[in-house]
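Each remark here refers to the structure printed beneath this line.
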Amino acid sequence: MNDKNETGAQAAETVGVSPVAEAAPAVASTRTKAPVRKQANRRKFIRSVCMVGGVLGLSMLGYVPVASARKSRLRPPGALEERDFLSSCIKCGQCVQVCPVAAIKLDDIDHGFGVGVPYIDARKQACDFSCDAVQCILACPTGSLTYTKPPSLEIRAGMPLAQAPVLKAKEDDPEPTLNLSERIGVARLARPDACLAVQGKGFTGQARGAHFRGHLRYVAVDRWKPIPVRDHPYQRDLCDLCVTECPIGDAIRMQESIAADGSKQYRPQVLEQCVGCGVCEMICPVEPAAIVVDQRQPWSV
Amino acid sequence: MSQFERIRVMFGAAPQKPTLVTAEAKQVHSLKRMTKADFEAIKQHAREHELVTHKWRNRRWAVLVLVNLLFTFSFWLDIQILEGALTASRFVGFHLIDLNSALQVMLAHKHIIVNLFIGTATVFVVWAVLGGRSFCSWVCPYHLLAEWFEWLHLKLVSKKLVSDHEFHRGTRSVLWVVFALLAVLSGYTVFETISPTGILSRALIYGPSLALGWVLLLLVFEVVYSRRAWCRYVCPIGLTYGMVGAVSPVRVEYRLDKCFHEGDCRKVCLVPHVLDVVIKGRAADLTTPIGPDCTRCGLCVDVCPSGALVFDVKGLSKLL
């Protein structure tokens with residue numbers, strides 16, 4: 001009974017005190033709405049519809065960079081196909097945290113739906129498998145990076161590796177292979193004219209100059225601690241850094257041939273065991289690199 | 001108000017007046033009305049002896065900052081206690097996965113691996129117990145920023161430089177459904193692209209990004225146009241956690257007999273519709289648990305001069 005008596009006073013109090021207009025629904029339900037109130041509600045409704053449209057519109061803008069990207073990024077080892085990768089990645093960066101050479105970085109919002117998704121810029125810092133066990137795959141909580149794909153997902157021809165890749169650093173271990181069944185890309189001698197080996201030239205000095213910040217594991221220096229590339233100068237009569245620094249066994253070799261004039265010709269040749277890690281691209285001393293990794297590219301003879 | 005009713009309010013329905021009021025509650029209501037002079041006198045008395053406290057706010061800020069710093073330092077200093085970001089992490093090796101991010105990934109990718117399931121289940125249990133939306137006010141970094149910018153907004157409102165524009169609270173429910181559908185249909189975790197929680201968490205751990213511009217834009221929008229707009233009307237993370245914590249034993253409880261119906265609690269509250277019960281005549285019982293949309297931030301507990309709102313753990317307080 002007292003409820004009824006208080007309703008009037010209540011309405012006044014509610015409107016006066018509360019910062020929230022919808023705090024007077026009880027009143028609204030028992031009386032016909034005042035025109036002002038009706039109008040306010042209509043405005044609120046229109047505002048809300050606009051906001052739904054605005055929020056959805058802005059979030060769908062994220063599709064533009066994904067759709068217009070001509071080339072996807074080089075993704076960490078074990079990454080699913082690009083579409084599945086973007087849908088399954090939870091954008092937590094645990095792969096970033098475990099990488100001993102900090103090869104993995106996260107994309108920014110200019111990559112739309114790819115925001116927070118990991119990639120590797122091989123020229124700056126390639127994956128050299130310093131972790132020995134593909135730790136990023138181990139760290140991934142959603143299976144975006146995976147040792148073995150679930151059967152429902154496609155496996156493109158040329159992506160699976162013929163056999164488990166042998167890690168040169170582990171060659172003497174009882175189990176020298178990496179648990180990696182598919183490549184993330186494949187290396188290609190993109191600019192043979194620039195290649196020092198093709199020109200028959202050697203290389204002396206810091207592979208990428210004094211200011212290069214990339215790291216690489218040199219087993220002869222320290223099996224467990226990668227060091228800056230600039231701290232490890234080279235002296236080669238014939239530049240073969242891409243071949244010697246490749247962390248994978250039988251992935252690249254120096255092809256030797258005799259030219260018509262009888263002189264020896266050299267050319268780095270990528271083999272089927274190439275996983276696409278990008279160490280050759282990182283270490284290549286010419287600018288821009290003569291050898292590059294084509295991300296997500298299958299092996300073809 | 002039944003539990004069902006409180007859940008309806010979370011999805012956007014307007015709170016209704018109770019139809020059934022217990023005899024005790026009726027008595028308290030009528031006592032408050034019949035002795036008006038006395039009522040005013042006690043109210044004044046309570047006001048004079050009010051202890052101004054920020055106990056819960058300070059505790060909450062400390063927890064929020066510590067949790068987020070733990071993420072940051074686990075990476076920076078390599079102490080490896082809480083690795084990852086808010087979307088997914090490992091706490092001393094145990095997988096933890098944000099429920100809304102997990103939902104988005106599951107809907108978009110349609111394949112759930114064991115670690116994803118374990119991490120999601122663990123976090124589900126944690127927040128089902130601690131009260132789902134506690135995540136918002138005790139963990140979410142955007143909540144803290146928005147709280148600071150809200151102060152600026154209120155300042156400008158009091159100077160009549162800006163005014164608060166409300167949206168319909170059902171907007172959030174609509175967006176939740178649409179983002180879920182978009183994930184299923186497009187195969188992309190669309191919401192994650194604009195989630196300020198994820199963006200801020202990653203920025204705190206992996207360094208600043210362009211995406212922070214979007215977060216700043218949201219904050220400016222909240223300051224000049226609509227108070228706490230993102231948390232109130234948009235964020236599907238909040239609704240996901242609200243649903244998970246719908247029957248949580250940890251909640252704020254309202255005590256009718258101690259309330260003077262001055263409404264200070266509703267002024268500080270992020271989700272004032274859950275405090276509809278404090279309006280004079282609305283309480284159906286002597287004690288009422290506050291609904292699932294409550295973030296358990298404790299601002300109302302701090303601000304109430306007469307102790308009518310307190311933290312309560314269902315079952316536990318009876319045992320003690």
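In the structure tokens, chains take letters A, B, ... by order of appearance, with residues numbered from 1 within each chain and ligands from 1 in the order shown.
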
* To do: Please return, as a list in words, all residues of chain A lying within 6 Å of chain B when only C-alpha atoms are considered.
  => Ala26, Lys44, Ser48, Ser59, Ser87, Ser88, Cys92, Gly93, Gln94, Ile109, Phe113, Val115, Pro141 and Thr142 of chain A

* To do: Could you find all residues in range 206-272 of chain B that DSSP calls strand (DSSP E or B) from the backbone, and write them as a PyMOL selection string?
  => chain B and resi 250-255

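Using only C-alpha atoms, the protein and nucleic acid residues lying no more than 6 Å from range 240-253 of chain B, apart from those fewer than 5 places from it along its own chain, are Ala128, Val129, Leu130, Gly131, Gly132, Arg133, Thr288, Pro289, Ile290, Pro292, Asp293, Leu309, Val310, Phe311, Asp312, Val313 and Lys314 of chain B.
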
* All helix (DSSP H, G or I) residues (DSSP, backbone) inside range 9-143 of chain A, as a VMD selection string -> chain A and resid 9 to 17 21 to 23 25 to 30 35 to 60 63 to 68 82 to 88 94 to 98 109 to 114 135 to 139

* Skipping near chain neighbours, those fewer than 2 positions away, what residues fall within 12 Å of Val220 in chain B using only C-alpha atoms, listed as JSON, numbers by chain? -> {"B": [145, 146, 148, 149, 150, 152, 153, 162, 213, 214, 215, 216, 217, 218, 222, 223, 224, 225, 226, 227, 228, 229, 230]}

Next, write the just-selected residues to a file, as a PDB file, in the first residue's frame, keeping C-alpha atoms as the atom set.
ATOM      1  CA  LEU B 145      42.024   4.204 -17.758  1.00  0.00           C
ATOM      2  CA  ALA B 146      38.302   4.704 -18.338  1.00  0.00           C
ATOM      3  CA  TRP B 148      40.389   8.087 -14.673  1.00  0.00           C
ATOM      4  CA  PHE B 149      38.901   9.640 -17.796  1.00  0.00           C
ATOM      5  CA  GLU B 150      35.437   9.313 -16.259  1.00  0.00           C
ATOM      6  CA  LEU B 152      37.504  14.178 -16.222  1.00  0.00           C
ATOM      7  CA  HIS B 153      34.120  13.646 -17.875  1.00  0.00           C
ATOM      8  CA  VAL B 162      29.749  18.472 -21.896  1.00  0.00           C
ATOM      9  CA  GLY B 213      45.360   5.593 -30.983  1.00  0.00           C
ATOM     10  CA  TRP B 214      42.070   3.720 -31.144  1.00  0.00           C
ATOM     11  CA  VAL B 215      42.020   3.371 -27.361  1.00  0.00           C
ATOM     12  CA  LEU B 216      42.659   7.091 -26.999  1.00  0.00           C
ATOM     13  CA  LEU B 217      39.805   7.801 -29.403  1.00  0.00           C
ATOM     14  CA  LEU B 218      37.476   5.720 -27.242  1.00  0.00           C
ATOM     15  CA  GLU B 222      33.745   8.850 -23.331  1.00  0.00           C
ATOM     16  CA  VAL B 223      34.945  12.181 -21.989  1.00  0.00           C
ATOM     17  CA  VAL B 224      33.118  14.447 -24.406  1.00  0.00           C
ATOM     18  CA  TYR B 225      30.036  12.448 -25.330  1.00  0.00           C
ATOM     19  CA  SER B 226      29.004   9.484 -23.230  1.00  0.00           C
ATOM     20  CA  ARG B 227      30.081   8.413 -19.755  1.00  0.00           C
ATOM     21  CA  ARG B 228      31.883   5.049 -19.727  1.00  0.00           C
ATOM     22  CA  ALA B 229      30.320   4.251 -23.095  1.00  0.00           C
ATOM     23  CA  TRP B 230      32.578   1.323 -24.007  1.00  0.00           C
TER      24      TRP B 230
END

* Asked: Can you list, as a ChimeraX atom specification, every protein, DNA or RNA residue that comes within 10 Å of range 223-227 of chain A when you count only C-alpha atoms, leaving out same-chain residues fewer than 2 positions away?
  -> /A:100-101,128,130-132,169-170,213-221,229-232

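Nearest-residue note for Lys91 in chain A: choosing from A:Gly116, A:Gly78, A:Gly57, A:Pro268, the minimum distance belongs to A:Gly116, counting only C-alpha atoms.
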
Neighbours of Gly291 in chain B within 8 Å (only C-alpha atoms; same-chain residues fewer than 4 positions away dropped), as a PDB file with C-alpha atoms, in the first residue's frame?
ATOM      1  CA  GLN B   3      17.816 -14.019 -10.275  1.00  0.00           C
ATOM      2  CA  ARG B   6      18.555  -9.654 -12.647  1.00  0.00           C
ATOM      3  CA  ILE B   7      19.990 -11.535 -15.635  1.00  0.00           C
ATOM      4  CA  MET B  10      22.094  -7.417 -17.521  1.00  0.00           C
ATOM      5  CA  ALA B 246      25.610 -14.881 -13.128  1.00  0.00           C
ATOM      6  CA  VAL B 274      21.939  -3.064 -10.819  1.00  0.00           C
TER       7      VAL B 274
END

* Which residues, written as a PyMOL selection string, have at least one atom at most 8 Å from Pro165 in chain A, with only C-alpha atoms counted and residues fewer than 3 positions away on the same chain left out? -> chain A and resi 161+177-180+248-249+273+275

* To do: Rounded to one decimal place, report the CA of Pro160 in chain A-CA of Arg253 in chain A distance in Å.
  => 20.4 Å

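For the pair CA of Leu154 in chain B and CA of Thr295 in chain B, the separation is 20.0 Å.
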
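Across B:Phe94, B:Ser134, B:Leu270, B:Val139, the tightest approach to Ala139 in chain A is made by B:Phe94 when counting only C-alpha atoms.
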
For range 78-146 of chain B against range 297-301 of chain B, with a cut-off of 9 Å and counting only C-alpha atoms, what is the closest atom pair and its distance in Å to one decimal for every residue that makes the cut, ordered by chain and number, as JSON lines?
{"residue": "B:Ser134", "atom": "CA", "partner": "B:Cys297", "partner_atom": "CA", "distance": 7.0}
{"residue": "B:Cys136", "atom": "CA", "partner": "B:Cys297", "partner_atom": "CA", "distance": 8.5}
{"residue": "B:Ser137", "atom": "CA", "partner": "B:Cys297", "partner_atom": "CA", "distance": 5.4}
{"residue": "B:Trp138", "atom": "CA", "partner": "B:Cys297", "partner_atom": "CA", "distance": 7.0}
